[in-house]
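Chemist: The structure file model_14.cif (mmCIF, C-alpha atoms) is provided below.
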```cif
data_start
loop_
_atom_site.label_atom_id
_atom_site.label_comp_id
_atom_site.auth_asym_id
_atom_site.auth_seq_id
_atom_site.Cartn_x
_atom_site.Cartn_y
_atom_site.Cartn_z
CA MET G 1 149.18 140.48 68.56
CA PRO G 2 149.00 136.66 68.26
CA TYR G 3 145.97 134.85 66.95
CA GLN G 4 143.85 133.09 69.56
CA TYR G 5 142.87 129.54 68.61
CA ALA G 6 143.15 127.88 72.02
CA ASP G 7 139.55 126.61 71.99
CA SER G 8 139.30 125.96 68.26
CA LYS G 9 139.34 122.84 66.12
CA LEU G 10 142.89 123.65 64.95
CA LYS G 11 145.84 121.48 65.99
CA ILE G 12 149.53 121.96 65.15
CA PHE G 13 151.94 119.04 65.49
CA SER G 14 155.71 119.05 65.16
CA LEU G 15 157.95 116.21 64.11
CA ASN G 16 161.75 116.12 64.55
CA SER G 17 163.13 118.24 61.71
CA ASN G 18 162.51 121.72 63.09
CA ASN G 19 160.91 121.83 66.54
CA PRO G 20 161.98 125.44 67.27
CA LEU G 21 160.18 126.74 64.16
CA ALA G 22 157.04 124.71 64.96
CA LYS G 23 157.05 126.13 68.51
CA GLU G 24 157.41 129.68 67.12
CA ILE G 25 154.46 129.10 64.78
CA ALA G 26 152.33 127.75 67.62
CA ASP G 27 153.27 130.73 69.83
CA GLU G 28 152.32 133.15 67.03
CA MET G 29 148.90 131.49 66.88
CA GLY G 30 148.37 131.33 70.63
CA VAL G 31 148.15 127.52 70.79
CA GLU G 32 150.12 124.70 72.34
CA LEU G 33 151.80 122.16 70.09
CA GLY G 34 149.85 118.91 69.85
CA LYS G 35 151.00 116.03 72.02
CA SER G 36 152.76 113.31 70.03
CA SER G 37 155.90 111.23 70.21
CA VAL G 38 158.33 109.86 67.64
CA LYS G 39 160.21 106.73 68.68
CA HIS G 40 162.22 104.04 66.91
CA PHE G 41 162.19 100.29 67.09
CA SER G 42 165.57 98.60 67.51
CA ASP G 43 165.86 98.05 63.76
CA GLY G 44 165.30 101.75 63.03
CA GLU G 45 161.61 101.64 62.11
CA VAL G 46 159.73 104.83 63.01
CA GLN G 47 156.90 104.59 65.54
CA ILE G 48 154.58 107.58 65.98
CA SER G 49 151.97 108.01 68.67
CA ILE G 50 149.37 110.82 68.83
CA GLU G 51 148.65 111.36 72.51
CA GLU G 52 145.37 113.32 72.36
CA SER G 53 142.11 113.19 70.46
CA ILE G 54 142.06 114.96 67.08
CA ARG G 55 138.71 113.66 65.84
CA GLY G 56 137.04 116.19 63.55
CA MET G 57 139.94 118.65 63.79
CA ASP G 58 141.96 120.51 61.16
CA VAL G 59 145.49 119.23 61.77
CA PHE G 60 148.67 120.99 60.58
CA ILE G 61 151.91 118.97 60.63
CA VAL G 62 155.13 121.03 60.55
CA GLN G 63 158.05 119.12 59.02
CA SER G 64 160.90 120.14 56.74
CA THR G 65 162.38 117.26 54.79
CA SER G 66 165.94 118.38 55.51
CA ALA G 67 168.88 116.18 56.51
CA PRO G 68 168.54 113.35 57.31
CA VAL G 69 166.09 113.69 54.42
CA ASN G 70 164.79 110.14 54.21
CA GLU G 71 164.29 109.87 57.98
CA HIS G 72 162.28 113.09 58.10
CA LEU G 73 160.27 112.18 55.01
CA MET G 74 159.34 108.80 56.50
CA GLU G 75 158.35 110.45 59.80
CA LEU G 76 156.06 112.78 57.86
CA LEU G 77 154.40 110.03 55.83
CA ILE G 78 153.74 107.93 58.95
CA MET G 79 152.38 110.95 60.83
CA ILE G 80 149.99 111.76 57.95
CA ASP G 81 148.71 108.19 58.06
CA ALA G 82 148.31 108.33 61.85
CA VAL G 83 146.40 111.63 61.71
CA LYS G 84 144.13 110.36 58.93
CA ARG G 85 143.34 107.16 60.87
CA ALA G 86 142.63 109.24 64.00
CA SER G 87 139.63 110.78 62.16
CA ALA G 88 141.00 114.29 61.64
CA ARG G 89 138.80 116.42 59.36
CA THR G 90 141.74 117.68 57.27
CA VAL G 91 145.43 116.75 57.16
CA ASN G 92 147.54 119.78 56.24
CA VAL G 93 151.27 119.38 55.69
CA VAL G 94 153.43 122.45 56.39
CA MET G 95 156.77 121.88 54.64
CA PRO G 96 158.98 124.95 55.04
CA TYR G 97 161.64 123.06 53.03
CA TYR G 98 160.60 120.52 50.37
CA GLY G 99 163.40 117.99 50.01
CA TYR G 100 164.13 116.34 46.63
CA ALA G 101 162.84 119.49 44.87
CA ARG G 102 166.03 119.72 42.79
CA GLN G 103 165.10 116.44 41.07
CA ASP G 104 162.16 118.01 39.25
CA ARG G 105 162.83 116.78 35.70
CA LYS G 106 164.83 114.25 33.70
CA ALA G 107 168.11 116.07 33.04
CA LYS G 108 169.45 112.98 31.24
CA ALA G 109 168.29 109.52 30.25
CA ARG G 110 167.12 107.01 32.86
CA GLU G 111 166.81 109.54 35.71
CA PRO G 112 163.85 109.64 38.15
CA ILE G 113 161.66 112.68 38.79
CA THR G 114 161.86 112.38 42.56
CA ALA G 115 160.03 115.64 43.32
CA LYS G 116 156.96 114.10 41.66
CA LEU G 117 157.44 110.85 43.59
CA VAL G 118 157.44 112.76 46.90
CA ALA G 119 154.23 114.55 45.86
CA ASN G 120 152.64 111.16 45.09
CA LEU G 121 153.74 109.78 48.47
CA LEU G 122 152.22 112.72 50.38
CA GLU G 123 148.92 112.34 48.53
CA THR G 124 148.80 108.57 48.93
CA ALA G 125 149.55 108.84 52.66
CA GLY G 126 146.45 111.02 53.03
CA ALA G 127 147.45 114.70 52.97
CA THR G 128 144.60 117.00 51.95
CA ARG G 129 146.70 120.17 51.57
CA VAL G 130 150.37 121.18 51.43
CA ILE G 131 151.91 124.53 52.41
CA VAL G 132 155.46 125.05 51.13
CA LEU G 133 157.95 127.90 50.88
CA ASP G 134 160.12 128.69 47.85
CA LEU G 135 160.07 125.48 45.87
CA HIS G 136 163.25 125.04 43.85
CA ALA G 137 161.08 124.84 40.73
CA PRO G 138 157.63 126.50 41.01
CA GLN G 139 156.20 124.03 38.49
CA ILE G 140 156.42 121.34 41.22
CA GLN G 141 153.04 122.73 42.29
CA GLY G 142 151.67 120.97 39.22
CA PHE G 143 152.88 117.60 40.54
CA PHE G 144 150.09 117.72 43.15
CA ASP G 145 146.42 116.86 42.64
CA ILE G 146 145.63 118.19 46.12
CA LEU G 147 145.59 121.83 47.26
CA ILE G 148 148.99 123.52 47.55
CA ASP G 149 149.97 126.97 48.80
CA HIS G 150 153.37 128.21 47.63
CA LEU G 151 154.74 130.95 49.90
CA VAL G 152 157.76 133.14 49.11
CA ALA G 153 160.56 134.50 51.33
CA VAL G 154 161.58 137.41 49.06
CA PRO G 155 159.57 140.03 51.01
CA LEU G 156 161.22 138.95 54.28
CA LEU G 157 164.73 139.01 52.78
CA ALA G 158 164.13 142.30 50.96
CA ASP G 159 162.89 143.96 54.17
CA HIS G 160 166.10 142.91 55.92
CA PHE G 161 168.34 144.48 53.30
CA GLY G 162 166.05 147.48 52.99
CA SER G 163 166.61 148.19 56.70
CA LYS G 164 170.37 148.51 56.14
CA GLY G 165 169.96 151.92 54.55
CA PHE G 166 171.70 151.24 51.24
CA LYS G 167 171.24 153.89 48.58
CA GLU G 168 169.12 152.71 45.66
CA GLU G 169 171.73 153.74 43.11
CA GLU G 170 174.48 151.64 44.72
CA LEU G 171 172.52 148.35 44.89
CA VAL G 172 172.51 145.51 42.36
CA ILE G 173 170.59 142.27 42.89
CA VAL G 174 172.47 139.31 41.42
CA SER G 175 171.10 135.97 40.27
CA PRO G 176 173.77 133.22 40.54
CA ASP G 177 172.39 131.58 37.37
CA HIS G 178 169.84 132.07 34.60
CA GLY G 179 167.26 129.93 36.44
CA GLY G 180 167.07 132.36 39.36
CA VAL G 181 166.38 135.52 37.36
CA THR G 182 162.69 135.69 38.32
CA ARG G 183 163.55 135.52 42.01
CA ALA G 184 166.24 138.20 41.65
CA ARG G 185 163.86 140.44 39.72
CA LYS G 186 161.22 140.21 42.47
CA MET G 187 163.74 141.36 45.06
CA ALA G 188 165.05 144.06 42.72
CA GLU G 189 161.54 145.46 42.30
CA ARG G 190 161.14 145.71 46.07
CA LEU G 191 164.52 147.42 46.56
CA LYS G 192 164.21 149.49 43.35
CA ALA G 193 167.52 148.16 42.07
CA PRO G 194 168.78 146.73 38.76
CA ILE G 195 169.76 143.08 38.35
CA ALA G 196 172.83 141.24 37.12
CA ILE G 197 173.22 137.59 36.16
CA ILE G 198 176.15 135.25 36.64
CA ASP G 199 176.52 133.06 33.58
CA LYS G 200 177.77 129.71 34.84
CA ARG G 201 177.88 126.09 33.86
CA ARG G 202 177.61 123.06 36.11
CA PRO G 203 179.73 120.16 34.79
CA LYS G 204 178.46 117.89 37.58
CA PRO G 205 176.26 118.20 40.73
CA ASN G 206 177.56 120.64 43.39
CA VAL G 207 180.27 121.94 41.02
CA ALA G 208 179.91 125.34 39.35
CA GLU G 209 182.14 127.36 37.02
CA VAL G 210 181.57 131.08 36.38
CA MET G 211 181.76 132.03 32.72
CA ASN G 212 180.71 135.70 32.64
CA ILE G 213 178.74 138.41 34.48
CA VAL G 214 175.84 140.00 32.63
CA GLY G 215 175.21 143.52 33.98
CA ASN G 216 177.16 146.36 35.61
CA VAL G 217 178.48 145.62 39.12
CA GLU G 218 181.49 147.95 39.27
CA GLY G 219 181.48 150.01 42.46
CA LYS G 220 178.15 148.47 43.53
CA VAL G 221 176.86 146.68 46.62
CA CYS G 222 175.79 143.29 45.27
CA ILE G 223 173.18 141.04 46.86
CA LEU G 224 173.28 137.46 45.60
CA ILE G 225 169.94 135.69 46.01
CA ASP G 226 169.22 131.96 45.66
CA ASP G 227 166.60 129.55 46.95
CA ILE G 228 169.00 126.88 48.27
CA ILE G 229 172.62 127.08 49.38
CA ASP G 230 173.97 123.55 49.68
CA THR G 231 177.77 123.22 49.52
CA ALA G 232 178.08 127.00 48.89
CA GLY G 233 180.26 126.46 45.81
CA THR G 234 178.04 128.48 43.47
CA ILE G 235 177.52 131.39 45.85
CA THR G 236 181.16 131.76 46.92
CA ILE G 237 182.56 131.46 43.39
CA GLY G 238 179.96 133.99 42.29
CA ALA G 239 180.99 136.38 45.08
CA GLU G 240 184.66 136.17 44.06
CA ALA G 241 183.72 136.84 40.42
CA LEU G 242 181.72 139.93 41.48
CA ILE G 243 184.64 141.32 43.51
CA LYS G 244 186.99 140.74 40.57
CA SER G 245 184.52 142.64 38.38
CA GLY G 246 184.75 145.66 40.68
CA ALA G 247 181.92 145.15 43.18
CA LYS G 248 182.35 147.17 46.39
CA GLU G 249 180.67 144.65 48.73
CA VAL G 250 178.89 141.33 48.32
CA TYR G 251 176.03 140.07 50.46
CA ALA G 252 174.18 136.80 49.89
CA CYS G 253 170.81 135.41 50.90
CA CYS G 254 168.71 132.30 50.44
CA SER G 255 165.51 130.70 51.68
CA HIS G 256 166.89 127.27 52.56
CA PRO G 257 170.30 126.93 54.30
CA VAL G 258 171.13 123.29 53.54
CA LEU G 259 174.81 124.16 54.13
CA SER G 260 176.25 120.67 53.74
CA GLY G 261 179.87 119.53 53.56
CA PRO G 262 182.36 122.42 53.27
CA ALA G 263 179.68 125.13 53.05
CA ILE G 264 180.42 127.04 56.28
CA GLU G 265 184.19 126.93 55.72
CA ARG G 266 183.74 128.24 52.17
CA ILE G 267 181.46 131.06 53.33
CA GLU G 268 183.79 132.13 56.12
CA ASN G 269 186.76 132.21 53.71
CA SER G 270 184.84 134.02 50.96
CA SER G 271 184.28 137.68 50.05
CA ILE G 272 180.67 137.47 51.29
CA LYS G 273 180.15 140.06 54.03
CA GLU G 274 176.92 138.53 55.35
CA LEU G 275 174.82 135.49 54.44
CA VAL G 276 171.15 135.96 55.32
CA VAL G 277 169.02 132.80 55.51
CA THR G 278 165.64 131.80 56.91
CA ASN G 279 164.91 129.15 59.53
CA THR G 280 163.09 126.72 57.21
CA ILE G 281 165.96 124.39 58.15
CA GLN G 282 167.22 124.25 61.72
CA LEU G 283 170.95 125.05 61.81
CA SER G 284 173.09 122.67 63.85
CA GLU G 285 175.85 124.03 66.09
CA ASP G 286 178.55 123.37 63.47
CA LYS G 287 176.66 125.53 60.95
CA ILE G 288 176.48 128.65 63.10
CA SER G 289 178.86 131.38 61.96
CA PRO G 290 179.28 135.14 62.63
CA LYS G 291 178.70 135.63 58.89
CA VAL G 292 175.34 133.83 58.91
CA LYS G 293 172.17 135.65 60.01
CA GLN G 294 168.93 133.68 60.27
CA LEU G 295 165.49 135.27 59.85
CA SER G 296 162.31 133.60 61.08
CA VAL G 297 159.47 132.57 58.76
CA ALA G 298 157.24 131.70 61.74
CA LYS G 299 154.87 134.66 61.30
CA LEU G 300 154.54 134.00 57.56
CA MET G 301 153.73 130.33 58.21
CA ALA G 302 151.33 131.23 61.04
CA ASP G 303 149.53 133.70 58.78
CA ALA G 304 149.20 131.04 56.07
CA ILE G 305 147.86 128.43 58.52
CA SER G 306 145.41 130.97 59.94
CA ARG G 307 144.12 131.92 56.49
CA VAL G 308 143.74 128.30 55.42
CA TYR G 309 141.89 127.47 58.64
CA GLU G 310 139.57 130.47 58.29
CA ASN G 311 139.04 129.96 54.54
CA LYS G 312 140.61 133.31 53.69
CA SER G 313 142.81 134.22 50.74
CA VAL G 314 146.47 133.21 51.06
CA SER G 315 147.60 135.25 48.05
CA THR G 316 147.78 138.46 50.11
CA LEU G 317 150.86 137.00 51.84
CA PHE G 318 152.79 137.26 48.58
CA ASP G 319 152.77 141.06 48.92
#
```
Show this structure as structure tokens.
Modeler:
Amino acid sequence: MPYQYADSKLKIFSLNSNNPLAKEIADEMGVELGKSSVKHFSDGEVQISIEESIRGMDVFIVQSTSAPVNEHLMELLIMIDAVKRASARTVNVVMPYYGYARQDRKAKAREPITAKLVANLLETAGATRVIVLDLHAPQIQGFFDILIDHLVAVPLLADHFGSKGFKEEELVIVSPDHGGVTRARKMAERLKAPIAIIDKRRPKPNVAEVMNIVGNVEGKVCILIDDIIDTAGTITIGAEALIKSGAKEVYACCSHPVLSGPAIERIENSSIKELVVTNTIQLSEDKISPKVKQLSVAKLMADAISRVYENKSVSTLFD
């Protein structure tokens, strides 16, 4: 049963990155999306207009900073400023996908830490709280001096695979690299399965080479889990390595389907039986494939917004 906030001081606005998800969230909460428009001047400058009063209200802005990343980020920053200047009580940013999260540290000399820069921009623009899902590096939460709620998609993904009726003894949850072990272990605990790790190296961005597989996958149904699938090089090479090591079937899942460049072609030509993703990023027509299944995070996001608005604990959503 949806929440009922029609006569409340809560307002949800959507920008251009993922209108269908924002509409789903609003429907879950029993409210209409706020009235606003995003236009462009002839030189490309973004112009935002809020077309109703939001004075004294708790405003939630839904915007993933997915491709085109810079356009969507600029829309968000301008909207935050507009909401703040329209005398909203709080300005809450709901970012199902946090762009630039992969630039969370200096991997070599003279590199920026862009994830921190984005956090600074959101704060400076006037955000009072941020709600995100599956940050690429959880420590990005520490880049913020404002409130941040970090949601996880593992329960949603685990429930999907749990409904397939696999036997516990035939399942193995696979991390595509050492950095994703914690995520794989969380899913493994839910499905009561062991884990395996693909030992890989990345000689340059978006290029991965499998070195070895740590764990027993022979005769098993393997579920690869990652937070982001971009060009799908890592996940498809990992799937082939698992099949060569004797895996019976390979499934894959992720929170954020960036799916850029040759990703869909690689997935369709790979050993992956099904790729399960969430709708934190809206898939364009050229990214829809029979192998790709998209799950909705609308209820999770609606629950988080509701709990923030009502000053209730958000941590229960992690279970």
Chemist: What does the PyMOL selection byres ((chain G and resi 314) around 9) select in this file, as a list in words?
Modeler: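 In the shown coordinates, the PyMOL selection byres ((chain G and resi 314) around 9) covers Asp149, Leu151, Asp303, Ala304, Ile305, Arg307, Val308, Asn311, Lys312, Ser313, Ser315, Thr316, Leu317 and Phe318 of chain G.
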Chemist: List as number ranges by chain the protein and nucleic acid residues near Glu75 in chain G, meaning an atom at most 10 Å away when only C-alpha atoms are counted, but skip any in the same chain fewer than 5 places from it.
Modeler: G: 15-17, 38-39, 45-48, 63, 65, 69-70, 80
Chemist: Please compute the CA of Ile195 in chain G-CA of Val297 in chain G distance, one decimal, in Å.
Modeler: 25.2 Å
Chemist: Any idea what the distance is between CA of Lys192 in chain G and CA of Asp159 in chain G?
Modeler: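 According to the coordinates, CA of Lys192 in chain G and CA of Asp159 in chain G are separated by 12.2 Å.
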Chemist: Measuring between only C-alpha atoms, which one of G:Ile225, G:Val130, G:Arg185, G:Ser49 shows the shortest distance to Arg85 in chain G?
Modeler: G:Ser49
Chemist: Pick from G:Ser255, G:Ser163, G:Thr114, G:Ser175: nearest to Ala239 in chain G, with only C-alpha atoms counted?
Modeler: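 Checking each of G:Ser255, G:Ser163, G:Thr114, G:Ser175 against Ala239 in chain G, counting only C-alpha atoms, the winner is G:Ser175.
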Chemist: Quick one: residues within 8 Å of range 211-218 of chain G, all atoms listed in the file, excluding same-chain residues fewer than 6 positions away - as a PyMOL selection string?
Modeler: chain G and resi 172+195-201+241-242+245-248
Chemist: Write out as a ChimeraX atom specification which residues come within 7 Å of Ala127 in chain G when counting all atoms listed in the file, dropping same-chain ones fewer than 4 positions away.
Modeler: /G:80,91-93,122-123
Chemist: Run through the PyMOL selection byres ((chain G and resi 228) around 10) on the given coordinates and return the selected residues as a list of chain:residue names.
Modeler: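 On the file shown, the PyMOL selection byres ((chain G and resi 228) around 10) covers G:Tyr97, G:Arg102, G:Asp134, G:Leu135, G:His136, G:Ile225, G:Asp226, G:Asp227, G:Ile229, G:Asp230, G:Thr231, G:Ala232, G:Ile235, G:Cys253, G:Cys254, G:Ser255, G:His256, G:Pro257, G:Val258, G:Leu259, G:Val277.
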Chemist: Store the residues of this selection in a file with C-alpha atoms, as a PDB file, keeping the file's coordinate frame.
Modeler:
```pdb
ATOM      1  CA  TYR G  97     161.640 123.060  53.030  1.00  0.00           C
ATOM      2  CA  ARG G 102     166.030 119.720  42.790  1.00  0.00           C
ATOM      3  CA  ASP G 134     160.120 128.690  47.850  1.00  0.00           C
ATOM      4  CA  LEU G 135     160.070 125.480  45.870  1.00  0.00           C
ATOM      5  CA  HIS G 136     163.250 125.040  43.850  1.00  0.00           C
ATOM      6  CA  ILE G 225     169.940 135.690  46.010  1.00  0.00           C
ATOM      7  CA  ASP G 226     169.220 131.960  45.660  1.00  0.00           C
ATOM      8  CA  ASP G 227     166.600 129.550  46.950  1.00  0.00           C
ATOM      9  CA  ILE G 229     172.620 127.080  49.380  1.00  0.00           C
ATOM     10  CA  ASP G 230     173.970 123.550  49.680  1.00  0.00           C
ATOM     11  CA  THR G 231     177.770 123.220  49.520  1.00  0.00           C
ATOM     12  CA  ALA G 232     178.080 127.000  48.890  1.00  0.00           C
ATOM     13  CA  ILE G 235     177.520 131.390  45.850  1.00  0.00           C
ATOM     14  CA  CYS G 253     170.810 135.410  50.900  1.00  0.00           C
ATOM     15  CA  CYS G 254     168.710 132.300  50.440  1.00  0.00           C
ATOM     16  CA  SER G 255     165.510 130.700  51.680  1.00  0.00           C
ATOM     17  CA  HIS G 256     166.890 127.270  52.560  1.00  0.00           C
ATOM     18  CA  PRO G 257     170.300 126.930  54.300  1.00  0.00           C
ATOM     19  CA  VAL G 258     171.130 123.290  53.540  1.00  0.00           C
ATOM     20  CA  LEU G 259     174.810 124.160  54.130  1.00  0.00           C
ATOM     21  CA  VAL G 277     169.020 132.800  55.510  1.00  0.00           C
TER      22      VAL G 277
END
```
Chemist: How many Å lie between CA of Val174 in chain G and CA of Lys244 in chain G, rounded to one decimal?
Modeler: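 It comes out at 14.6 Å.
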Chemist: For Leu33 in chain G, please output as a list in words all residues within 9 Å (counting all atoms listed in the file; exclusion window: fewer than 5 positions along the same chain).
Modeler: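 Everything that qualifies: Lys11, Ile12, Phe13, Ser14, Ala22, Lys23, Ala26 and Asp27 of chain G.
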Chemist: Please provide the set of residues having any atom within 8 Å of Val154 in chain G, restricted to all atoms listed in the file, with same-chain residues fewer than 4 positions apart removed, written as a list in words.
Modeler: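 Answer for this query is Ala158, Arg183, Lys186 and Met187 of chain G.
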Chemist: Counting all atoms listed in the file, which residues sit no farther than 7 Å from the position (175.5, 139.0, 51.3) in the file's frame? I'd like them as a ChimeraX atom specification.
Modeler: /G:223-224,250-253,272-276
Chemist: Name the residues captured by the PyMOL selection byres ((chain G and resi 105) around 10) when it is applied to the shown file; answer as a list in words.
Modeler: Ala101, Arg102, Gln103, Asp104, Lys106, Ala107, Lys108, Glu111, Pro112, Ile113, Thr114, Ala115, Lys116, Ala137 and Ile140 of chain G
Chemist: Between G:Gly44, G:Gly261, G:Pro176, G:Pro194, which has the minimum distance to Thr234 in chain G (counting only C-alpha atoms)?
Modeler: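 Nearest candidate to Thr234 in chain G out of G:Gly44, G:Gly261, G:Pro176, G:Pro194: G:Pro176.
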Chemist: Taking into account all atoms listed in the file, which residue in the set G:Tyr100, G:Pro20, G:Tyr5, G:Leu157 is nearest to Asp58 in chain G?
Modeler: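 Residue with the minimum atom-to-atom distance to Asp58 in chain G: G:Tyr5.
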Chemist: Around the point (148.9, 109.9, 73.7) in the file's coordinates, collect all residues with an atom within 7 Å, using all atoms listed in the file, and return them as a list in words.
Modeler: Lys35, Ser36, Ser49, Ile50, Glu51 and Glu52 of chain G
Chemist: Using all atoms listed in the file, find the one residue out of G:Ile288, G:Val59, G:Ile281, G:Ile25 that sits nearest to Tyr309 in chain G.
Modeler: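 Smallest separation from Tyr309 in chain G among the options: G:Val59.
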